[in-house]
Amino acid sequence: MDHLDALRFFVDVSEKGSFSAVARQRQVATSTVSLAVNQLEQVFGARLVTRSTRRLALTHEGEMLLVDAKRILTDWDTALQSIRQDDELTGPIGVTATNDFGRSQLRAILDAFQDKHPKVHISLFLSDNTVNLIDGQIDLALRYGPLEDSSLQARMLWRGKRIVCAAPSYWKRHGRPDHPNDLLQHNCMILARPGAPLSTWGFRERDRHFAVKVRGDRQASDGAVLREWATKGAGVIFKNQQDIQEELASGALEGVLGDFSAGPVDLYAVYSGHPQSRRVAALVQFLSDVLADKGKPGQ
């Protein structure tokens, strides 16, 4: 068996944990999958997989090979795709994004991308927590900056900022704050993170940065829930402008404290450092083009 094919079987085994599961997925005999792993073990002179009654597990040597195998296969596929530029885009793309952006905007953009490339298969994972791309086998993350230092690569897609906002009915009942410190007198609804709710809101006054620790009667781990509560007049939120464009345009939400903006909160496409597949590169470019159009006057 070709060594590249054997590596593909090996990577599948590491993900499925079963020769028979890989065989069903690939529509081959289980013995073919076993042969591929045995062949690699002979080539490398080491046991790569341990077998138990319930599941297969990688040995230390197998874990080491898995990292290189994924890199080798990605490099090989990228080389093939770069030569076949006219070929139709095919294959899976795993994407992760925040709940609110994923539901309000990203889903429709992905639909449009798949209309153009029907042989691409999208897996979308929404979470307001940071998802590990390697562990989660995710190709692309849409994240708001500033980004943490890492080995990941990033491309900025959108320049934005956070806005303090609430429904007109809330401002009518409670009055509008003139200074961020006035938020201490308001019902501020907070994005909840495990053990660390985002209750400290940052601002800038002239050249001085400062923070206000807000509080209120509601928290949620889903930014979309906070947005919905806010439009119903329940309280004040601190949201990325990108997530509330429609509500601001329609008047369902009204922003305040614009003179105290803490600076940009930009949207990035984040991906691992190895070369991107052609389909992932095409999706990143598509996202950039669509979001650039949304940011033009009149859009």
# chains A, B, ... in the order shown; residues from 1 in each chain; ligands from 1

call {"tool": "residues_around", "arguments": {"residues": "Leu106 of chain A", "least_positions_apart": "5", "cutoff": "10 Å", "atoms": "only C-alpha atoms", "output": "list in words"}}
result
Val95, Thr96, Ala97, Thr98, Asn99, Asp100, Phe101, Asp111, Ala112, Leu124, Leu142, Leu287 and Leu291 of chain A

call {"tool": "write_last_selection", "arguments": {"atoms": "N, CA, C and O atoms", "output": "PDB file, in the first residue's frame"}}
result
ATOM      1  N   VAL A  95     -15.630  24.964  11.107  1.00  0.00           N
ATOM      2  CA  VAL A  95     -15.611  26.396  11.423  1.00  0.00           C
ATOM      3  C   VAL A  95     -16.176  26.594  12.823  1.00  0.00           C
ATOM      4  O   VAL A  95     -17.178  25.962  13.196  1.00  0.00           O
ATOM      5  N   THR A  96     -15.559  27.475  13.600  1.00  0.00           N
ATOM      6  CA  THR A  96     -16.113  27.842  14.891  1.00  0.00           C
ATOM      7  C   THR A  96     -16.230  29.354  14.986  1.00  0.00           C
ATOM      8  O   THR A  96     -15.429  30.102  14.400  1.00  0.00           O
ATOM      9  N   ALA A  97     -17.250  29.816  15.724  1.00  0.00           N
ATOM     10  CA  ALA A  97     -17.493  31.245  15.892  1.00  0.00           C
ATOM     11  C   ALA A  97     -18.310  31.454  17.157  1.00  0.00           C
ATOM     12  O   ALA A  97     -18.814  30.489  17.753  1.00  0.00           O
ATOM     13  N   THR A  98     -18.448  32.699  17.569  1.00  0.00           N
ATOM     14  CA  THR A  98     -19.294  33.005  18.717  1.00  0.00           C
ATOM     15  C   THR A  98     -20.753  32.735  18.369  1.00  0.00           C
ATOM     16  O   THR A  98     -21.154  32.757  17.205  1.00  0.00           O
ATOM     17  N   ASN A  99     -21.559  32.474  19.391  1.00  0.00           N
ATOM     18  CA  ASN A  99     -22.964  32.161  19.175  1.00  0.00           C
ATOM     19  C   ASN A  99     -23.678  33.261  18.400  1.00  0.00           C
ATOM     20  O   ASN A  99     -24.382  32.994  17.422  1.00  0.00           O
ATOM     21  N   ASP A 100     -23.517  34.505  18.828  1.00  0.00           N
ATOM     22  CA  ASP A 100     -24.277  35.599  18.242  1.00  0.00           C
ATOM     23  C   ASP A 100     -23.869  35.849  16.792  1.00  0.00           C
ATOM     24  O   ASP A 100     -24.705  35.924  15.890  1.00  0.00           O
ATOM     25  N   PHE A 101     -22.574  35.970  16.535  1.00  0.00           N
ATOM     26  CA  PHE A 101     -22.116  36.199  15.160  1.00  0.00           C
ATOM     27  C   PHE A 101     -22.457  35.008  14.273  1.00  0.00           C
ATOM     28  O   PHE A 101     -22.852  35.166  13.115  1.00  0.00           O
ATOM     29  N   ASP A 111     -24.006  29.657   3.933  1.00  0.00           N
ATOM     30  CA  ASP A 111     -24.992  29.171   2.958  1.00  0.00           C
ATOM     31  C   ASP A 111     -24.636  29.655   1.555  1.00  0.00           C
ATOM     32  O   ASP A 111     -24.673  28.883   0.579  1.00  0.00           O
ATOM     33  N   ALA A 112     -24.279  30.935   1.442  1.00  0.00           N
ATOM     34  CA  ALA A 112     -23.932  31.501   0.134  1.00  0.00           C
ATOM     35  C   ALA A 112     -22.665  30.850  -0.422  1.00  0.00           C
ATOM     36  O   ALA A 112     -22.559  30.598  -1.629  1.00  0.00           O
ATOM     37  N   LEU A 124     -20.223  23.553  11.536  1.00  0.00           N
ATOM     38  CA  LEU A 124     -20.191  24.821  12.270  1.00  0.00           C
ATOM     39  C   LEU A 124     -20.366  24.559  13.753  1.00  0.00           C
ATOM     40  O   LEU A 124     -21.349  23.944  14.177  1.00  0.00           O
ATOM     41  N   LEU A 142     -13.554  32.166  13.739  1.00  0.00           N
ATOM     42  CA  LEU A 142     -13.850  33.587  13.615  1.00  0.00           C
ATOM     43  C   LEU A 142     -13.858  34.157  15.026  1.00  0.00           C
ATOM     44  O   LEU A 142     -14.722  33.809  15.837  1.00  0.00           O
ATOM     45  N   LEU A 287     -15.349  35.280   2.982  1.00  0.00           N
ATOM     46  CA  LEU A 287     -15.757  36.014   4.187  1.00  0.00           C
ATOM     47  C   LEU A 287     -15.264  37.448   4.136  1.00  0.00           C
ATOM     48  O   LEU A 287     -16.003  38.388   4.457  1.00  0.00           O
ATOM     49  N   LEU A 291     -17.911  40.589   4.121  1.00  0.00           N
ATOM     50  CA  LEU A 291     -17.906  41.512   5.253  1.00  0.00           C
ATOM     51  C   LEU A 291     -17.440  42.898   4.827  1.00  0.00           C
ATOM     52  O   LEU A 291     -17.896  43.910   5.369  1.00  0.00           O
TER      53      LEU A 291
END

call {"tool": "select_by_dssp", "arguments": {"residues": "segment 105-153 of chain A", "states": "alpha helix (DSSP H)", "output": "list in words"}}
result
Arg107, Ala108, Ile109, Leu110, Asp111, Ala112, Phe113, Gln114, Asp115 and Lys116 of chain A

call {"tool": "write_last_selection", "arguments": {"atoms": "all heavy atoms", "output": "PDB file, in the first residue's frame"}}
result
ATOM      1  N   ARG A 107     -23.974  32.200   9.492  1.00  0.00           N
ATOM      2  CA  ARG A 107     -24.744  31.109   8.894  1.00  0.00           C
ATOM      3  C   ARG A 107     -25.151  31.440   7.464  1.00  0.00           C
ATOM      4  O   ARG A 107     -24.998  30.614   6.546  1.00  0.00           O
ATOM      5  CB  ARG A 107     -25.991  30.818   9.734  1.00  0.00           C
ATOM      6  CG  ARG A 107     -26.839  29.680   9.183  1.00  0.00           C
ATOM      7  CD  ARG A 107     -28.179  29.612   9.887  1.00  0.00           C
ATOM      8  NE  ARG A 107     -28.894  30.875   9.797  1.00  0.00           N
ATOM      9  CZ  ARG A 107     -29.548  31.278   8.718  1.00  0.00           C
ATOM     10  NH1 ARG A 107     -29.556  30.541   7.614  1.00  0.00           N
ATOM     11  NH2 ARG A 107     -30.184  32.433   8.713  1.00  0.00           N
ATOM     12  N   ALA A 108     -25.646  32.656   7.244  1.00  0.00           N
ATOM     13  CA  ALA A 108     -26.070  33.052   5.896  1.00  0.00           C
ATOM     14  C   ALA A 108     -24.879  33.139   4.941  1.00  0.00           C
ATOM     15  O   ALA A 108     -24.989  32.794   3.755  1.00  0.00           O
ATOM     16  CB  ALA A 108     -26.802  34.388   5.953  1.00  0.00           C
ATOM     17  N   ILE A 109     -23.730  33.593   5.436  1.00  0.00           N
ATOM     18  CA  ILE A 109     -22.540  33.674   4.586  1.00  0.00           C
ATOM     19  C   ILE A 109     -22.085  32.275   4.173  1.00  0.00           C
ATOM     20  O   ILE A 109     -21.727  32.031   3.014  1.00  0.00           O
ATOM     21  CB  ILE A 109     -21.411  34.425   5.315  1.00  0.00           C
ATOM     22  CG1 ILE A 109     -21.822  35.871   5.605  1.00  0.00           C
ATOM     23  CG2 ILE A 109     -20.127  34.395   4.493  1.00  0.00           C
ATOM     24  CD1 ILE A 109     -20.824  36.645   6.434  1.00  0.00           C
ATOM     25  N   LEU A 110     -22.124  31.339   5.122  1.00  0.00           N
ATOM     26  CA  LEU A 110     -21.741  29.963   4.798  1.00  0.00           C
ATOM     27  C   LEU A 110     -22.720  29.341   3.801  1.00  0.00           C
ATOM     28  O   LEU A 110     -22.318  28.578   2.916  1.00  0.00           O
ATOM     29  CB  LEU A 110     -21.674  29.120   6.075  1.00  0.00           C
ATOM     30  CG  LEU A 110     -20.576  29.501   7.072  1.00  0.00           C
ATOM     31  CD1 LEU A 110     -20.657  28.623   8.309  1.00  0.00           C
ATOM     32  CD2 LEU A 110     -19.196  29.397   6.440  1.00  0.00           C
ATOM     33  N   ASP A 111     -24.006  29.657   3.933  1.00  0.00           N
ATOM     34  CA  ASP A 111     -24.992  29.171   2.958  1.00  0.00           C
ATOM     35  C   ASP A 111     -24.636  29.655   1.555  1.00  0.00           C
ATOM     36  O   ASP A 111     -24.673  28.883   0.579  1.00  0.00           O
ATOM     37  CB  ASP A 111     -26.393  29.665   3.322  1.00  0.00           C
ATOM     38  CG  ASP A 111     -26.974  28.941   4.528  1.00  0.00           C
ATOM     39  OD1 ASP A 111     -26.428  27.890   4.911  1.00  0.00           O
ATOM     40  OD2 ASP A 111     -27.977  29.434   5.090  1.00  0.00           O
ATOM     41  N   ALA A 112     -24.279  30.935   1.442  1.00  0.00           N
ATOM     42  CA  ALA A 112     -23.932  31.501   0.134  1.00  0.00           C
ATOM     43  C   ALA A 112     -22.665  30.850  -0.422  1.00  0.00           C
ATOM     44  O   ALA A 112     -22.559  30.598  -1.629  1.00  0.00           O
ATOM     45  CB  ALA A 112     -23.753  33.012   0.247  1.00  0.00           C
ATOM     46  N   PHE A 113     -21.694  30.569   0.455  1.00  0.00           N
ATOM     47  CA  PHE A 113     -20.458  29.922   0.014  1.00  0.00           C
ATOM     48  C   PHE A 113     -20.748  28.517  -0.507  1.00  0.00           C
ATOM     49  O   PHE A 113     -20.212  28.098  -1.548  1.00  0.00           O
ATOM     50  CB  PHE A 113     -19.461  29.863   1.174  1.00  0.00           C
ATOM     51  CG  PHE A 113     -18.131  29.263   0.818  1.00  0.00           C
ATOM     52  CD1 PHE A 113     -17.182  29.984   0.115  1.00  0.00           C
ATOM     53  CD2 PHE A 113     -17.824  27.952   1.194  1.00  0.00           C
ATOM     54  CE1 PHE A 113     -15.952  29.432  -0.217  1.00  0.00           C
ATOM     55  CE2 PHE A 113     -16.596  27.394   0.870  1.00  0.00           C
ATOM     56  CZ  PHE A 113     -15.664  28.138   0.159  1.00  0.00           C
ATOM     57  N   GLN A 114     -21.611  27.778   0.182  1.00  0.00           N
ATOM     58  CA  GLN A 114     -21.923  26.421  -0.259  1.00  0.00           C
ATOM     59  C   GLN A 114     -22.777  26.410  -1.523  1.00  0.00           C
ATOM     60  O   GLN A 114     -22.725  25.455  -2.289  1.00  0.00           O
ATOM     61  CB  GLN A 114     -22.609  25.647   0.860  1.00  0.00           C
ATOM     62  CG  GLN A 114     -21.642  25.218   1.959  1.00  0.00           C
ATOM     63  CD  GLN A 114     -22.255  24.254   2.947  1.00  0.00           C
ATOM     64  OE1 GLN A 114     -23.040  24.654   3.792  1.00  0.00           O
ATOM     65  NE2 GLN A 114     -21.897  22.982   2.827  1.00  0.00           N
ATOM     66  N   ASP A 115     -23.544  27.467  -1.738  1.00  0.00           N
ATOM     67  CA  ASP A 115     -24.272  27.572  -3.004  1.00  0.00           C
ATOM     68  C   ASP A 115     -23.287  27.634  -4.178  1.00  0.00           C
ATOM     69  O   ASP A 115     -23.542  27.086  -5.255  1.00  0.00           O
ATOM     70  CB  ASP A 115     -25.159  28.819  -3.012  1.00  0.00           C
ATOM     71  CG  ASP A 115     -26.392  28.652  -2.137  1.00  0.00           C
ATOM     72  OD1 ASP A 115     -26.727  27.501  -1.794  1.00  0.00           O
ATOM     73  OD2 ASP A 115     -27.015  29.672  -1.785  1.00  0.00           O
ATOM     74  N   LYS A 116     -22.151  28.310  -3.963  1.00  0.00           N
ATOM     75  CA  LYS A 116     -21.127  28.413  -5.005  1.00  0.00           C
ATOM     76  C   LYS A 116     -20.280  27.152  -5.102  1.00  0.00           C
ATOM     77  O   LYS A 116     -19.763  26.827  -6.176  1.00  0.00           O
ATOM     78  CB  LYS A 116     -20.208  29.613  -4.728  1.00  0.00           C
ATOM     79  CG  LYS A 116     -20.874  30.977  -4.833  1.00  0.00           C
ATOM     80  CD  LYS A 116     -19.864  32.088  -4.644  1.00  0.00           C
ATOM     81  CE  LYS A 116     -18.787  32.084  -5.727  1.00  0.00           C
ATOM     82  NZ  LYS A 116     -17.859  33.218  -5.609  1.00  0.00           N
TER      83      LYS A 116
END

call {"tool": "select_by_dssp", "arguments": {"residues": "segment 178-268 of chain A", "states": "strand (DSSP E or B)", "output": "count of residues only"}}
result
28

call {"tool": "residues_around", "arguments": {"residues": "segment 36-40 of chain A", "least_positions_apart": "3", "cutoff": "12 Å", "atoms": "only C-alpha atoms", "output": "count of residues only"}}
result
39

call {"tool": "atom_distance", "arguments": {"atom1": "atom CA of Thr74 of chain A", "atom2": "atom CA of Ile138 of chain A"}}
result
13.5 Å

call {"tool": "residues_around", "arguments": {"residues": "segment 263-272 of chain A", "least_positions_apart": "5", "cutoff": "8 Å", "atoms": "only C-alpha atoms", "output": "list of chain:residue names"}}
result
A:Leu133, A:Ile134, A:Asp139, A:Leu140, A:Ala141, A:Leu142, A:Arg143, A:Tyr144, A:Gly145, A:Pro146, A:Ser151, A:Leu152, A:Gln153, A:Ala154, A:Arg155, A:Met156, A:Leu157, A:Trp158, A:Arg159, A:Gly160, A:Lys161, A:Arg162, A:Phe203, A:Arg204, A:Asn240, A:Val284

call {"tool": "write_last_selection", "arguments": {"atoms": "N, CA, C and O atoms", "output": "short mmCIF file (atom, residue, chain, number, x, y, z; two decimals), in the first residue's frame"}}
result
data_model
loop_
_atom_site.label_atom_id
_atom_site.label_comp_id
_atom_site.auth_asym_id
_atom_site.auth_seq_id
_atom_site.Cartn_x
_atom_site.Cartn_y
_atom_site.Cartn_z
N LEU A 133 -8.30 24.78 18.20
CA LEU A 133 -8.44 24.33 16.82
C LEU A 133 -7.85 22.95 16.59
O LEU A 133 -8.43 22.13 15.85
N ILE A 134 -6.71 22.68 17.20
CA ILE A 134 -6.05 21.40 16.98
C ILE A 134 -6.85 20.27 17.63
O ILE A 134 -7.19 19.27 16.98
N ASP A 139 -10.78 23.83 11.27
CA ASP A 139 -9.93 24.47 10.25
C ASP A 139 -9.87 25.98 10.41
O ASP A 139 -8.84 26.60 10.10
N LEU A 140 -10.96 26.58 10.87
CA LEU A 140 -11.07 28.04 10.84
C LEU A 140 -11.90 28.53 12.00
O LEU A 140 -12.98 27.99 12.29
N ALA A 141 -11.40 29.56 12.70
CA ALA A 141 -12.15 30.20 13.78
C ALA A 141 -12.36 31.66 13.45
O ALA A 141 -11.46 32.32 12.92
N LEU A 142 -13.55 32.17 13.74
CA LEU A 142 -13.85 33.59 13.61
C LEU A 142 -13.86 34.16 15.03
O LEU A 142 -14.72 33.81 15.84
N ARG A 143 -12.86 35.01 15.33
CA ARG A 143 -12.67 35.50 16.69
C ARG A 143 -12.49 37.00 16.70
O ARG A 143 -11.90 37.58 15.80
N TYR A 144 -12.99 37.61 17.77
CA TYR A 144 -12.79 39.04 17.97
C TYR A 144 -11.47 39.28 18.71
O TYR A 144 -11.11 38.54 19.63
N GLY A 145 -10.75 40.32 18.28
CA GLY A 145 -9.49 40.66 18.91
C GLY A 145 -9.71 41.59 20.09
O GLY A 145 -10.84 42.00 20.37
N PRO A 146 -8.63 41.93 20.81
CA PRO A 146 -7.25 41.52 20.49
C PRO A 146 -7.04 40.03 20.75
O PRO A 146 -7.61 39.47 21.67
N SER A 151 0.74 30.22 18.11
CA SER A 151 1.34 29.80 16.84
C SER A 151 0.34 29.87 15.70
O SER A 151 0.69 29.59 14.55
N LEU A 152 -0.89 30.27 15.99
CA LEU A 152 -1.92 30.34 14.96
C LEU A 152 -1.71 31.57 14.07
O LEU A 152 -1.13 32.57 14.50
N GLN A 153 -2.22 31.47 12.86
CA GLN A 153 -2.17 32.58 11.91
C GLN A 153 -3.53 33.29 11.92
O GLN A 153 -4.55 32.69 12.25
N ALA A 154 -3.53 34.57 11.58
CA ALA A 154 -4.78 35.33 11.61
C ALA A 154 -4.83 36.34 10.47
O ALA A 154 -3.80 36.88 10.06
N ARG A 155 -6.04 36.57 9.98
CA ARG A 155 -6.28 37.60 8.96
C ARG A 155 -7.46 38.45 9.42
O ARG A 155 -8.54 37.91 9.72
N MET A 156 -7.28 39.74 9.48
CA MET A 156 -8.36 40.60 9.93
C MET A 156 -9.43 40.72 8.84
O MET A 156 -9.12 40.95 7.67
N LEU A 157 -10.69 40.56 9.24
CA LEU A 157 -11.80 40.61 8.30
C LEU A 157 -12.66 41.86 8.45
O LEU A 157 -13.31 42.28 7.49
N TRP A 158 -12.65 42.45 9.65
CA TRP A 158 -13.61 43.52 9.92
C TRP A 158 -13.09 44.39 11.05
O TRP A 158 -12.64 43.89 12.07
N ARG A 159 -13.15 45.70 10.88
CA ARG A 159 -12.79 46.62 11.96
C ARG A 159 -14.07 47.03 12.68
O ARG A 159 -15.01 47.51 12.05
N GLY A 160 -14.11 46.84 13.97
CA GLY A 160 -15.31 47.17 14.73
C GLY A 160 -14.98 47.68 16.11
O GLY A 160 -13.82 47.93 16.46
N LYS A 161 -16.02 47.85 16.92
CA LYS A 161 -15.85 48.31 18.29
C LYS A 161 -17.02 47.81 19.12
O LYS A 161 -18.04 47.35 18.59
N ARG A 162 -16.86 47.86 20.43
CA ARG A 162 -17.95 47.50 21.33
C ARG A 162 -18.79 48.74 21.64
O ARG A 162 -18.27 49.85 21.75
N PHE A 203 -13.03 51.19 28.99
CA PHE A 203 -13.31 52.45 28.29
C PHE A 203 -12.04 53.29 28.20
O PHE A 203 -11.01 52.97 28.81
N ARG A 204 -12.15 54.37 27.44
CA ARG A 204 -11.04 55.30 27.30
C ARG A 204 -11.57 56.72 27.41
O ARG A 204 -12.57 57.08 26.78
N ASN A 240 -20.30 43.74 20.61
CA ASN A 240 -19.59 44.05 19.38
C ASN A 240 -20.56 44.65 18.37
O ASN A 240 -21.66 44.13 18.16
N VAL A 284 -12.01 31.88 3.49
CA VAL A 284 -11.50 33.09 4.15
C VAL A 284 -11.65 34.30 3.22
O VAL A 284 -12.08 35.38 3.64
#

call {"tool": "closest_residue", "arguments": {"among": "A:Arg278, A:Val120, A:Arg71, A:Asp207", "to": "Ile93 of chain A", "atoms": "only C-alpha atoms"}}
result
A:Val120
